[in-house]
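protein_27.cif, holding mmCIF, C-alpha atoms:
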```
data_entry
#
loop_
_atom_site.label_atom_id
_atom_site.label_comp_id
_atom_site.auth_asym_id
_atom_site.auth_seq_id
_atom_site.Cartn_x
_atom_site.Cartn_y
_atom_site.Cartn_z
CA MET A 1 25.30 -7.93 -19.23
CA GLU A 2 26.11 -8.89 -22.82
CA PRO A 3 29.37 -7.15 -23.76
CA GLN A 4 29.65 -8.87 -27.15
CA ARG A 5 26.30 -7.41 -28.25
CA ARG A 6 26.53 -5.63 -31.62
CA PRO A 7 23.79 -3.22 -32.72
CA GLY A 8 21.88 -4.68 -35.65
CA GLY A 9 23.43 -8.11 -35.22
CA ARG A 10 21.76 -11.37 -34.28
CA SER A 11 22.00 -10.51 -30.59
CA ALA A 12 20.17 -7.22 -31.17
CA ARG A 13 17.45 -9.00 -33.16
CA VAL A 14 16.99 -11.54 -30.38
CA ARG A 15 16.71 -8.70 -27.88
CA GLU A 16 14.06 -6.95 -29.98
CA ALA A 17 12.02 -10.15 -30.31
CA VAL A 18 12.29 -11.01 -26.62
CA LEU A 19 11.43 -7.52 -25.41
CA ASP A 20 8.50 -7.26 -27.84
CA ALA A 21 7.27 -10.57 -26.45
CA THR A 22 7.79 -9.31 -22.89
CA ALA A 23 5.63 -6.25 -23.61
CA ALA A 24 2.91 -8.38 -25.21
CA GLU A 25 2.90 -10.87 -22.32
CA LEU A 26 2.82 -8.06 -19.76
CA ALA A 27 -0.11 -6.44 -21.51
CA GLU A 28 -2.00 -9.74 -21.62
CA HIS A 29 -1.20 -11.29 -18.26
CA GLY A 30 0.34 -8.56 -16.10
CA TYR A 31 3.50 -8.89 -14.08
CA PRO A 32 2.44 -11.88 -11.93
CA GLY A 33 1.71 -13.84 -15.12
CA LEU A 34 5.02 -13.04 -16.83
CA THR A 35 7.09 -16.18 -17.37
CA VAL A 36 10.35 -16.83 -19.20
CA GLU A 37 8.73 -19.81 -20.94
CA ALA A 38 5.87 -17.78 -22.43
CA VAL A 39 8.20 -14.96 -23.49
CA ALA A 40 10.62 -17.42 -25.13
CA GLN A 41 7.82 -19.20 -26.95
CA ARG A 42 6.28 -15.96 -28.20
CA ALA A 43 9.69 -14.63 -29.30
CA GLY A 44 10.57 -17.90 -31.06
CA VAL A 45 13.80 -18.40 -29.10
CA HIS A 46 14.92 -21.14 -26.75
CA LYS A 47 14.10 -20.53 -23.12
CA THR A 48 17.71 -21.12 -22.03
CA THR A 49 18.67 -18.12 -24.21
CA VAL A 50 16.23 -15.99 -22.23
CA TYR A 51 17.35 -17.40 -18.86
CA ARG A 52 21.03 -16.86 -19.67
CA ARG A 53 20.66 -13.26 -20.75
CA TRP A 54 17.75 -11.94 -18.66
CA ARG A 55 17.63 -14.43 -15.73
CA GLY A 56 13.91 -13.99 -15.11
CA PRO A 57 10.85 -11.72 -15.28
CA GLU A 58 12.60 -8.92 -13.31
CA GLY A 59 15.45 -8.83 -15.81
CA LEU A 60 13.03 -8.83 -18.74
CA VAL A 61 11.04 -5.92 -17.34
CA ALA A 62 14.19 -3.97 -16.47
CA ASP A 63 15.58 -4.39 -19.99
CA ALA A 64 12.22 -3.62 -21.62
CA LEU A 65 12.14 -0.35 -19.65
CA GLU A 66 15.75 0.33 -20.62
CA ARG A 67 14.81 -0.09 -24.27
CA ALA A 68 11.78 2.15 -23.83
CA GLY A 69 14.09 4.76 -22.31
CA GLU A 70 16.41 4.54 -25.34
CA GLN A 71 13.62 5.39 -27.74
CA PRO A 72 13.29 9.09 -28.53
CA TRP A 73 10.42 10.78 -26.78
CA PRO A 74 8.53 13.41 -28.74
CA ILE A 75 9.16 16.41 -26.46
CA PRO A 76 6.62 19.06 -27.48
CA ASP A 77 7.99 22.35 -28.82
CA THR A 78 5.03 24.67 -29.34
CA GLY A 79 6.78 27.96 -28.56
CA THR A 80 5.21 28.54 -25.13
CA LEU A 81 5.57 26.91 -21.72
CA THR A 82 1.81 26.44 -21.41
CA GLY A 83 1.58 24.89 -24.87
CA ASP A 84 4.48 22.53 -24.21
CA LEU A 85 3.25 21.31 -20.82
CA ARG A 86 -0.31 20.91 -22.09
CA ALA A 87 0.98 18.81 -25.00
CA LEU A 88 3.15 16.77 -22.61
CA THR A 89 0.34 15.90 -20.19
CA GLU A 90 -1.99 15.13 -23.10
CA LEU A 91 0.62 12.78 -24.61
CA LEU A 92 0.89 11.05 -21.25
CA ARG A 93 -2.88 10.76 -20.88
CA THR A 94 -3.48 9.40 -24.36
CA GLY A 95 -0.45 7.08 -24.11
CA PHE A 96 -1.86 5.36 -21.04
CA THR A 97 -5.47 5.30 -22.18
CA ASP A 98 -4.75 4.16 -25.76
CA PRO A 99 -6.15 0.63 -26.22
CA GLU A 100 -2.89 -0.63 -27.80
CA SER A 101 0.01 1.12 -26.06
CA GLY A 102 -1.90 1.74 -22.84
CA SER A 103 -1.99 -1.81 -21.56
CA VAL A 104 1.77 -2.25 -21.93
CA ALA A 105 2.53 1.08 -20.28
CA THR A 106 0.09 0.28 -17.49
CA ALA A 107 1.66 -3.15 -16.98
CA PHE A 108 5.07 -1.53 -16.50
CA VAL A 109 3.70 0.79 -13.81
CA ALA A 110 1.95 -2.16 -12.13
CA ALA A 111 5.16 -4.22 -12.24
CA GLY A 112 6.91 -1.47 -10.27
CA MET A 113 4.50 -2.03 -7.41
CA GLN A 114 5.13 -5.76 -7.41
CA HIS A 115 8.88 -6.19 -7.58
CA PRO A 116 11.76 -4.03 -6.32
CA ASP A 117 13.78 -4.67 -9.50
CA ALA A 118 10.96 -3.34 -11.65
CA ALA A 119 10.65 -0.37 -9.28
CA ALA A 120 14.37 0.38 -9.69
CA ALA A 121 14.04 0.11 -13.48
CA LEU A 122 11.07 2.50 -13.44
CA ARG A 123 13.01 4.94 -11.31
CA SER A 124 15.86 5.01 -13.86
CA TYR A 125 13.35 5.28 -16.68
CA TYR A 126 11.53 8.27 -15.19
CA THR A 127 14.77 9.98 -14.15
CA ALA A 128 15.81 9.92 -17.82
CA ARG A 129 12.35 11.02 -19.00
CA HIS A 130 12.26 13.96 -16.59
CA ARG A 131 15.75 15.00 -17.70
CA ASP A 132 14.61 14.84 -21.36
CA ALA A 133 11.44 16.82 -20.67
CA ALA A 134 13.33 19.45 -18.67
CA VAL A 135 14.26 21.03 -22.01
CA ILE A 136 10.71 22.45 -21.99
CA ILE A 137 11.59 24.44 -18.87
CA ASP A 138 15.06 25.38 -20.17
CA ARG A 139 13.49 26.82 -23.32
CA ALA A 140 10.97 28.80 -21.24
CA VAL A 141 13.87 30.21 -19.20
CA ALA A 142 15.72 31.11 -22.42
CA ARG A 143 12.60 32.90 -23.69
CA GLY A 144 12.38 34.84 -20.44
CA GLU A 145 9.11 33.15 -19.42
CA LEU A 146 10.63 31.74 -16.21
CA ALA A 147 13.32 32.68 -13.71
CA PRO A 148 16.53 30.64 -14.09
CA GLU A 149 16.29 29.34 -10.50
CA VAL A 150 13.27 27.18 -11.35
CA ASP A 151 13.68 23.46 -10.59
CA ALA A 152 13.07 22.05 -14.08
CA THR A 153 12.49 18.37 -13.31
CA GLU A 154 10.29 19.27 -10.33
CA ILE A 155 8.00 21.26 -12.65
CA ILE A 156 7.80 18.26 -15.00
CA ARG A 157 6.83 16.13 -12.00
CA PHE A 158 4.15 18.63 -10.91
CA ALA A 159 2.68 18.68 -14.42
CA THR A 160 2.51 14.92 -14.80
CA ALA A 161 1.80 13.76 -11.23
CA PRO A 162 -1.95 14.64 -11.26
CA VAL A 163 -2.43 12.55 -14.43
CA PHE A 164 -0.69 9.52 -12.88
CA HIS A 165 -2.60 10.10 -9.65
CA ARG A 166 -5.98 9.79 -11.37
CA LEU A 167 -4.87 6.87 -13.53
CA PHE A 168 -3.19 4.68 -10.92
CA ILE A 169 -4.05 5.83 -7.39
CA THR A 170 -7.62 7.14 -7.31
CA HIS A 171 -8.70 5.37 -10.53
CA GLU A 172 -10.75 8.37 -11.59
CA PRO A 173 -11.34 9.21 -15.24
CA VAL A 174 -8.70 11.43 -16.87
CA THR A 175 -10.12 13.73 -19.53
CA ALA A 176 -8.23 16.14 -21.79
CA GLU A 177 -9.51 18.87 -19.47
CA HIS A 178 -7.84 17.21 -16.45
CA ALA A 179 -4.56 16.92 -18.35
CA ARG A 180 -4.79 20.57 -19.33
CA ARG A 181 -5.48 21.70 -15.77
CA ALA A 182 -2.49 19.72 -14.47
CA ALA A 183 -0.24 21.44 -17.04
CA ASP A 184 -1.65 24.88 -16.21
CA ALA A 185 -1.17 24.30 -12.48
CA ALA A 186 2.50 23.43 -13.12
CA VAL A 187 2.90 26.64 -15.15
CA THR A 188 1.50 28.62 -12.21
CA VAL A 189 3.96 26.94 -9.85
CA ALA A 190 6.88 27.41 -12.26
CA ARG A 191 6.22 31.13 -12.38
CA THR A 192 6.64 31.31 -8.59
CA THR A 193 10.18 30.15 -7.93
CA GLN A 194 11.47 29.13 -4.54
CA GLY A 195 14.22 31.36 -3.15
CA PRO A 196 17.20 29.83 -1.31
CA ASP A 197 15.69 31.04 2.00
CA GLY A 198 12.59 28.89 1.41
CA GLN A 199 10.41 31.99 0.91
CA THR A 200 8.42 32.05 -2.30
CA ARG A 201 8.95 34.94 -4.64
CA THR A 202 7.45 35.73 -8.02
CA ALA A 203 9.70 35.61 -11.07
CA MET B 1 -24.47 -7.23 1.80
CA GLU B 2 -25.32 -8.19 5.37
CA PRO B 3 -28.55 -6.40 6.31
CA GLN B 4 -28.89 -8.14 9.68
CA ARG B 5 -25.50 -6.81 10.83
CA ARG B 6 -25.66 -5.08 14.21
CA PRO B 7 -22.86 -2.74 15.31
CA GLY B 8 -20.95 -4.28 18.19
CA GLY B 9 -22.60 -7.67 17.72
CA ARG B 10 -21.03 -10.97 16.75
CA SER B 11 -21.24 -10.08 13.07
CA ALA B 12 -19.34 -6.84 13.65
CA ARG B 13 -16.67 -8.70 15.61
CA VAL B 14 -16.28 -11.23 12.81
CA ARG B 15 -15.94 -8.39 10.32
CA GLU B 16 -13.23 -6.71 12.42
CA ALA B 17 -11.28 -9.97 12.73
CA VAL B 18 -11.58 -10.83 9.05
CA LEU B 19 -10.63 -7.34 7.84
CA ASP B 20 -7.69 -7.16 10.26
CA ALA B 21 -6.55 -10.50 8.86
CA THR B 22 -7.05 -9.21 5.31
CA ALA B 23 -4.80 -6.20 6.03
CA ALA B 24 -2.14 -8.41 7.61
CA GLU B 25 -2.21 -10.88 4.72
CA LEU B 26 -2.06 -8.07 2.17
CA ALA B 27 0.93 -6.53 3.92
CA GLU B 28 2.73 -9.89 3.99
CA HIS B 29 1.87 -11.39 0.62
CA GLY B 30 0.41 -8.60 -1.51
CA TYR B 31 -2.78 -8.86 -3.52
CA PRO B 32 -1.78 -11.86 -5.69
CA GLY B 33 -1.10 -13.85 -2.50
CA LEU B 34 -4.38 -12.98 -0.78
CA THR B 35 -6.54 -16.07 -0.25
CA VAL B 36 -9.81 -16.63 1.59
CA GLU B 37 -8.26 -19.67 3.30
CA ALA B 38 -5.34 -17.73 4.80
CA VAL B 39 -7.60 -14.85 5.88
CA ALA B 40 -10.08 -17.26 7.53
CA GLN B 41 -7.33 -19.12 9.32
CA ARG B 42 -5.68 -15.93 10.60
CA ALA B 43 -9.05 -14.51 11.71
CA GLY B 44 -10.02 -17.76 13.44
CA VAL B 45 -13.27 -18.16 11.49
CA HIS B 46 -14.49 -20.87 9.14
CA LYS B 47 -13.65 -20.28 5.50
CA THR B 48 -17.27 -20.74 4.42
CA THR B 49 -18.14 -17.73 6.61
CA VAL B 50 -15.66 -15.66 4.63
CA TYR B 51 -16.80 -17.02 1.26
CA ARG B 52 -20.46 -16.39 2.07
CA ARG B 53 -20.00 -12.81 3.19
CA TRP B 54 -17.06 -11.56 1.08
CA ARG B 55 -17.02 -14.03 -1.85
CA GLY B 56 -13.28 -13.66 -2.49
CA PRO B 57 -10.17 -11.49 -2.32
CA GLU B 58 -11.86 -8.63 -4.27
CA GLY B 59 -14.70 -8.48 -1.76
CA LEU B 60 -12.28 -8.57 1.16
CA VAL B 61 -10.21 -5.71 -0.23
CA ALA B 62 -13.31 -3.66 -1.07
CA ASP B 63 -14.71 -4.07 2.45
CA ALA B 64 -11.32 -3.38 4.06
CA LEU B 65 -11.18 -0.12 2.12
CA GLU B 66 -14.76 0.64 3.10
CA ARG B 67 -13.83 0.17 6.75
CA ALA B 68 -10.73 2.36 6.31
CA GLY B 69 -12.99 5.04 4.81
CA GLU B 70 -15.31 4.85 7.84
CA GLN B 71 -12.50 5.62 10.26
CA PRO B 72 -12.09 9.31 11.06
CA TRP B 73 -9.18 10.93 9.30
CA PRO B 74 -7.22 13.51 11.24
CA ILE B 75 -7.76 16.54 9.00
CA PRO B 76 -5.16 19.13 10.03
CA ASP B 77 -6.44 22.45 11.38
CA THR B 78 -3.43 24.70 11.92
CA GLY B 79 -5.08 28.03 11.15
CA THR B 80 -3.50 28.58 7.72
CA LEU B 81 -3.90 26.98 4.32
CA THR B 82 -0.17 26.39 4.00
CA GLY B 83 0.04 24.84 7.45
CA ASP B 84 -2.93 22.55 6.79
CA LEU B 85 -1.73 21.32 3.38
CA ARG B 86 1.82 20.81 4.65
CA ALA B 87 0.47 18.74 7.54
CA LEU B 88 -1.75 16.77 5.15
CA THR B 89 1.04 15.83 2.72
CA GLU B 90 3.35 14.99 5.63
CA LEU B 91 0.67 12.69 7.13
CA LEU B 92 0.36 10.99 3.77
CA ARG B 93 4.11 10.60 3.38
CA THR B 94 4.68 9.21 6.86
CA GLY B 95 1.60 6.97 6.61
CA PHE B 96 2.96 5.23 3.52
CA THR B 97 6.58 5.06 4.66
CA ASP B 98 5.82 3.93 8.24
CA PRO B 99 7.13 0.37 8.67
CA GLU B 100 3.83 -0.81 10.24
CA SER B 101 0.97 1.00 8.51
CA GLY B 102 2.91 1.60 5.29
CA SER B 103 2.91 -1.94 4.00
CA VAL B 104 -0.87 -2.29 4.37
CA ALA B 105 -1.54 1.07 2.72
CA THR B 106 0.88 0.22 -0.07
CA ALA B 107 -0.78 -3.16 -0.59
CA PHE B 108 -4.15 -1.44 -1.05
CA VAL B 109 -2.72 0.84 -3.73
CA ALA B 110 -1.06 -2.13 -5.44
CA ALA B 111 -4.31 -4.11 -5.35
CA GLY B 112 -5.99 -1.31 -7.29
CA MET B 113 -3.59 -1.93 -10.16
CA GLN B 114 -4.33 -5.64 -10.20
CA HIS B 115 -8.08 -5.95 -10.00
CA PRO B 116 -10.90 -3.71 -11.25
CA ASP B 117 -12.94 -4.31 -8.07
CA ALA B 118 -10.08 -3.08 -5.91
CA ALA B 119 -9.71 -0.11 -8.27
CA ALA B 120 -13.39 0.73 -7.84
CA ALA B 121 -13.07 0.44 -4.06
CA LEU B 122 -10.05 2.76 -4.10
CA ARG B 123 -11.93 5.26 -6.21
CA SER B 124 -14.77 5.40 -3.65
CA TYR B 125 -12.25 5.58 -0.83
CA TYR B 126 -10.36 8.52 -2.32
CA THR B 127 -13.55 10.32 -3.34
CA ALA B 128 -14.58 10.27 0.33
CA ARG B 129 -11.09 11.28 1.50
CA HIS B 130 -10.95 14.22 -0.90
CA ARG B 131 -14.39 15.36 0.24
CA ASP B 132 -13.27 15.16 3.89
CA ALA B 133 -10.04 17.07 3.21
CA ALA B 134 -11.86 19.74 1.21
CA VAL B 135 -12.75 21.34 4.57
CA ILE B 136 -9.16 22.65 4.55
CA ILE B 137 -9.99 24.69 1.46
CA ASP B 138 -13.42 25.70 2.76
CA ARG B 139 -11.83 27.10 5.92
CA ALA B 140 -9.25 29.02 3.84
CA VAL B 141 -12.12 30.52 1.81
CA ALA B 142 -13.94 31.45 5.04
CA ARG B 143 -10.76 33.15 6.34
CA GLY B 144 -10.51 35.09 3.07
CA GLU B 145 -7.28 33.32 2.04
CA LEU B 146 -8.83 31.97 -1.17
CA ALA B 147 -11.49 32.99 -3.67
CA PRO B 148 -14.75 31.04 -3.29
CA GLU B 149 -14.53 29.77 -6.92
CA VAL B 150 -11.58 27.51 -6.06
CA ASP B 151 -12.09 23.80 -6.83
CA ALA B 152 -11.53 22.37 -3.35
CA THR B 153 -11.04 18.67 -4.14
CA GLU B 154 -8.81 19.52 -7.11
CA ILE B 155 -6.47 21.44 -4.78
CA ILE B 156 -6.36 18.44 -2.44
CA ARG B 157 -5.44 16.28 -5.46
CA PHE B 158 -2.70 18.70 -6.55
CA ALA B 159 -1.23 18.71 -3.04
CA THR B 160 -1.16 14.94 -2.66
CA ALA B 161 -0.47 13.77 -6.25
CA PRO B 162 3.29 14.55 -6.20
CA VAL B 163 3.72 12.44 -3.05
CA PHE B 164 1.89 9.47 -4.60
CA HIS B 165 3.83 10.01 -7.85
CA ARG B 166 7.20 9.60 -6.13
CA LEU B 167 6.01 6.70 -3.98
CA PHE B 168 4.27 4.57 -6.60
CA ILE B 169 5.16 5.72 -10.11
CA THR B 170 8.77 6.92 -10.20
CA HIS B 171 9.81 5.11 -6.99
CA GLU B 172 11.92 8.06 -5.92
CA PRO B 173 12.54 8.87 -2.25
CA VAL B 174 9.96 11.15 -0.61
CA THR B 175 11.43 13.40 2.06
CA ALA B 176 9.61 15.85 4.34
CA GLU B 177 10.95 18.56 2.02
CA HIS B 178 9.25 16.94 -1.01
CA ALA B 179 5.95 16.72 0.89
CA ARG B 180 6.28 20.38 1.91
CA ARG B 181 7.01 21.50 -1.67
CA ALA B 182 3.96 19.61 -2.96
CA ALA B 183 1.77 21.37 -0.40
CA ASP B 184 3.26 24.77 -1.20
CA ALA B 185 2.76 24.22 -4.93
CA ALA B 186 -0.93 23.46 -4.30
CA VAL B 187 -1.23 26.67 -2.26
CA THR B 188 0.22 28.62 -5.17
CA VAL B 189 -2.28 27.02 -7.54
CA ALA B 190 -5.20 27.57 -5.14
CA ARG B 191 -4.41 31.27 -5.01
CA THR B 192 -4.82 31.48 -8.79
CA THR B 193 -8.39 30.43 -9.50
CA GLN B 194 -9.66 29.48 -12.91
CA GLY B 195 -12.34 31.79 -14.32
CA PRO B 196 -15.31 30.38 -16.28
CA ASP B 197 -13.66 31.58 -19.52
CA GLY B 198 -10.65 29.31 -18.88
CA GLN B 199 -8.40 32.34 -18.34
CA THR B 200 -6.47 32.33 -15.08
CA ARG B 201 -6.96 35.26 -12.77
CA THR B 202 -5.48 35.95 -9.35
CA ALA B 203 -7.77 35.86 -6.32
#
```
When written as structure tokens, how does the structure in this file appear?
Amino acid sequence: MEPQRRPGGRSARVREAVLDATAAELAEHGYPGLTVEAVAQRAGVHKTTVYRRWRGPEGLVADALERAGEQPWPIPDTGTLTGDLRALTELLRTGFTDPESGSVATAFVAAGMQHPDAAAALRSYYTARHRDAAVIIDRAVARGELAPEVDATEIIRFATAPVFHRLFITHEPVTAEHARRAADAAVTVARTTQGPDGQTRTA
Amino acid sequence: MEPQRRPGGRSARVREAVLDATAAELAEHGYPGLTVEAVAQRAGVHKTTVYRRWRGPEGLVADALERAGEQPWPIPDTGTLTGDLRALTELLRTGFTDPESGSVATAFVAAGMQHPDAAAALRSYYTARHRDAAVIIDRAVARGELAPEVDATEIIRFATAPVFHRLFITHEPVTAEHARRAADAAVTVARTTQGPDGQTRTA
């Protein structure tokens, strides 16, 4: 998109300012209220700069998610599979319910339901996140807690899906207890791997 | 809201027409594009009728979800827990990916992320759905497949959450195989009930 971009240069600073403004605008007005004009004004750059580089709201959201994906994610390392997955689901829960970070994160998820480009960006984002978090499963396999056949990213999905489900589908409260139960359920599933014949067998 | 409403009377017919129009408008334009004017025109009623009874888009969505909740849901009854949960997750998957019904169902979920009233309506809707589907777990307990301590609606949530997660959070494809694996994972979890001391024990 911007091959002459140099890390730390003016272009990188403009990107930071514009994507910070995108997050702030999303949190305040949601995806339908996201405009290039408001982002440019908030970032202190000319709107033609934003149009040229990001084209529109879809491009802004996609790049904001790309940046979020570049930032290191604190993958828990507690020494046990249960401890790691409990910490992961609790991080997810508090991240979305935090008054500051939560509204931005929620706006990203909402954007995915409103525009195919945002949906594609979210898909890439979560693919990378699941790959990162799969190290939790790899470590459990290395410790002998799990059979090597376990589908690592699928276990990450099983652990996190019930938290997302309450937050964004059923709109039920999500307590620390709910996050813990989701993690524990995924541990139970991980310990029962799926054989190549489709029959379950215990590790 | 409308105490003088008689089933089958003119009021009921108006409601059917208006809520059908609401679903069609939602499927075409999404929640941000839902207007009382367009719904009234499509339903062939005067817009003041719609304003008086439903007030606005939030009221229309809430009542459309209430009507959806009133319609009987085909709870699978295959004779086994695995068969029932597999059928349930497959119904969910095909319902959301069906070209006709899918866009309306998807629009309801999207509306929940855009307005607190729609979120509250979805919460009531899913609470009722989970209660209905809990009969699957009750039957499994009666057959001796599960321990009576199992949390029935939580198992329904675990079975369905991974399907919703792919559809609306990560925007990954959802195949019949994914729906089946979600159901099987929930069966595995259901067979390991949670004791009052928080320690897992096998039924």
Target residues per the PyMOL selection byres ((chain A) within 10 of (chain B)), formatted as a VMD selection string | chain A and resid 30 to 32 106 to 114 116 118 to 127 154 to 155 157 to 173 178 181 to 182 184 to 194 198 200
Restrict the selected residues to C-alpha atoms and save them as a short mmCIF file (atom, residue, chain, number, x, y, z; two decimals), in the frame of the given file.
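Now in selection.cif:
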```cif
data_model
loop_
_atom_site.label_atom_id
_atom_site.label_comp_id
_atom_site.auth_asym_id
_atom_site.auth_seq_id
_atom_site.Cartn_x
_atom_site.Cartn_y
_atom_site.Cartn_z
CA GLY A 30 0.34 -8.56 -16.10
CA TYR A 31 3.50 -8.89 -14.08
CA PRO A 32 2.44 -11.88 -11.93
CA THR A 106 0.09 0.28 -17.49
CA ALA A 107 1.66 -3.15 -16.98
CA PHE A 108 5.07 -1.53 -16.50
CA VAL A 109 3.70 0.79 -13.81
CA ALA A 110 1.95 -2.16 -12.13
CA ALA A 111 5.16 -4.22 -12.24
CA GLY A 112 6.91 -1.47 -10.27
CA MET A 113 4.50 -2.03 -7.41
CA GLN A 114 5.13 -5.76 -7.41
CA PRO A 116 11.76 -4.03 -6.32
CA ALA A 118 10.96 -3.34 -11.65
CA ALA A 119 10.65 -0.37 -9.28
CA ALA A 120 14.37 0.38 -9.69
CA ALA A 121 14.04 0.11 -13.48
CA LEU A 122 11.07 2.50 -13.44
CA ARG A 123 13.01 4.94 -11.31
CA SER A 124 15.86 5.01 -13.86
CA TYR A 125 13.35 5.28 -16.68
CA TYR A 126 11.53 8.27 -15.19
CA THR A 127 14.77 9.98 -14.15
CA GLU A 154 10.29 19.27 -10.33
CA ILE A 155 8.00 21.26 -12.65
CA ARG A 157 6.83 16.13 -12.00
CA PHE A 158 4.15 18.63 -10.91
CA ALA A 159 2.68 18.68 -14.42
CA THR A 160 2.51 14.92 -14.80
CA ALA A 161 1.80 13.76 -11.23
CA PRO A 162 -1.95 14.64 -11.26
CA VAL A 163 -2.43 12.55 -14.43
CA PHE A 164 -0.69 9.52 -12.88
CA HIS A 165 -2.60 10.10 -9.65
CA ARG A 166 -5.98 9.79 -11.37
CA LEU A 167 -4.87 6.87 -13.53
CA PHE A 168 -3.19 4.68 -10.92
CA ILE A 169 -4.05 5.83 -7.39
CA THR A 170 -7.62 7.14 -7.31
CA HIS A 171 -8.70 5.37 -10.53
CA GLU A 172 -10.75 8.37 -11.59
CA PRO A 173 -11.34 9.21 -15.24
CA HIS A 178 -7.84 17.21 -16.45
CA ARG A 181 -5.48 21.70 -15.77
CA ALA A 182 -2.49 19.72 -14.47
CA ASP A 184 -1.65 24.88 -16.21
CA ALA A 185 -1.17 24.30 -12.48
CA ALA A 186 2.50 23.43 -13.12
CA VAL A 187 2.90 26.64 -15.15
CA THR A 188 1.50 28.62 -12.21
CA VAL A 189 3.96 26.94 -9.85
CA ALA A 190 6.88 27.41 -12.26
CA ARG A 191 6.22 31.13 -12.38
CA THR A 192 6.64 31.31 -8.59
CA THR A 193 10.18 30.15 -7.93
CA GLN A 194 11.47 29.13 -4.54
CA GLY A 198 12.59 28.89 1.41
CA THR A 200 8.42 32.05 -2.30
#
```
For Ala133 (chain B), which residue among B:His29, B:Glu149, B:Arg180, B:Asp77 is the nearest when counting only C-alpha atoms?
-> B:Asp77
Just say which residues the PyMOL selection byres ((chain B and resi 136-143) around 8) picks in this file, as a list in words.
->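 Taken over the shown coordinates, the PyMOL selection byres ((chain B and resi 136-143) around 8) returns Ile75, Pro76, Asp77, Thr80, Leu81, Asp84, Leu85, Ala133, Ala134, Val135, Gly144, Glu145, Leu146, Ala147, Pro148, Ala152 and Ile155 of chain B.
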Counting only C-alpha atoms, what is within 8 Å of Glu90 (chain A), bar same-chain residues fewer than 2 positions away, as a VMD selection string?
-> chain A and resid 86 to 88 92 to 94 176 179 to 180
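The gap separating CA of Thr89 (chain A) from CA of Glu177 (chain B) is 24.8 Å, in Å to one decimal.
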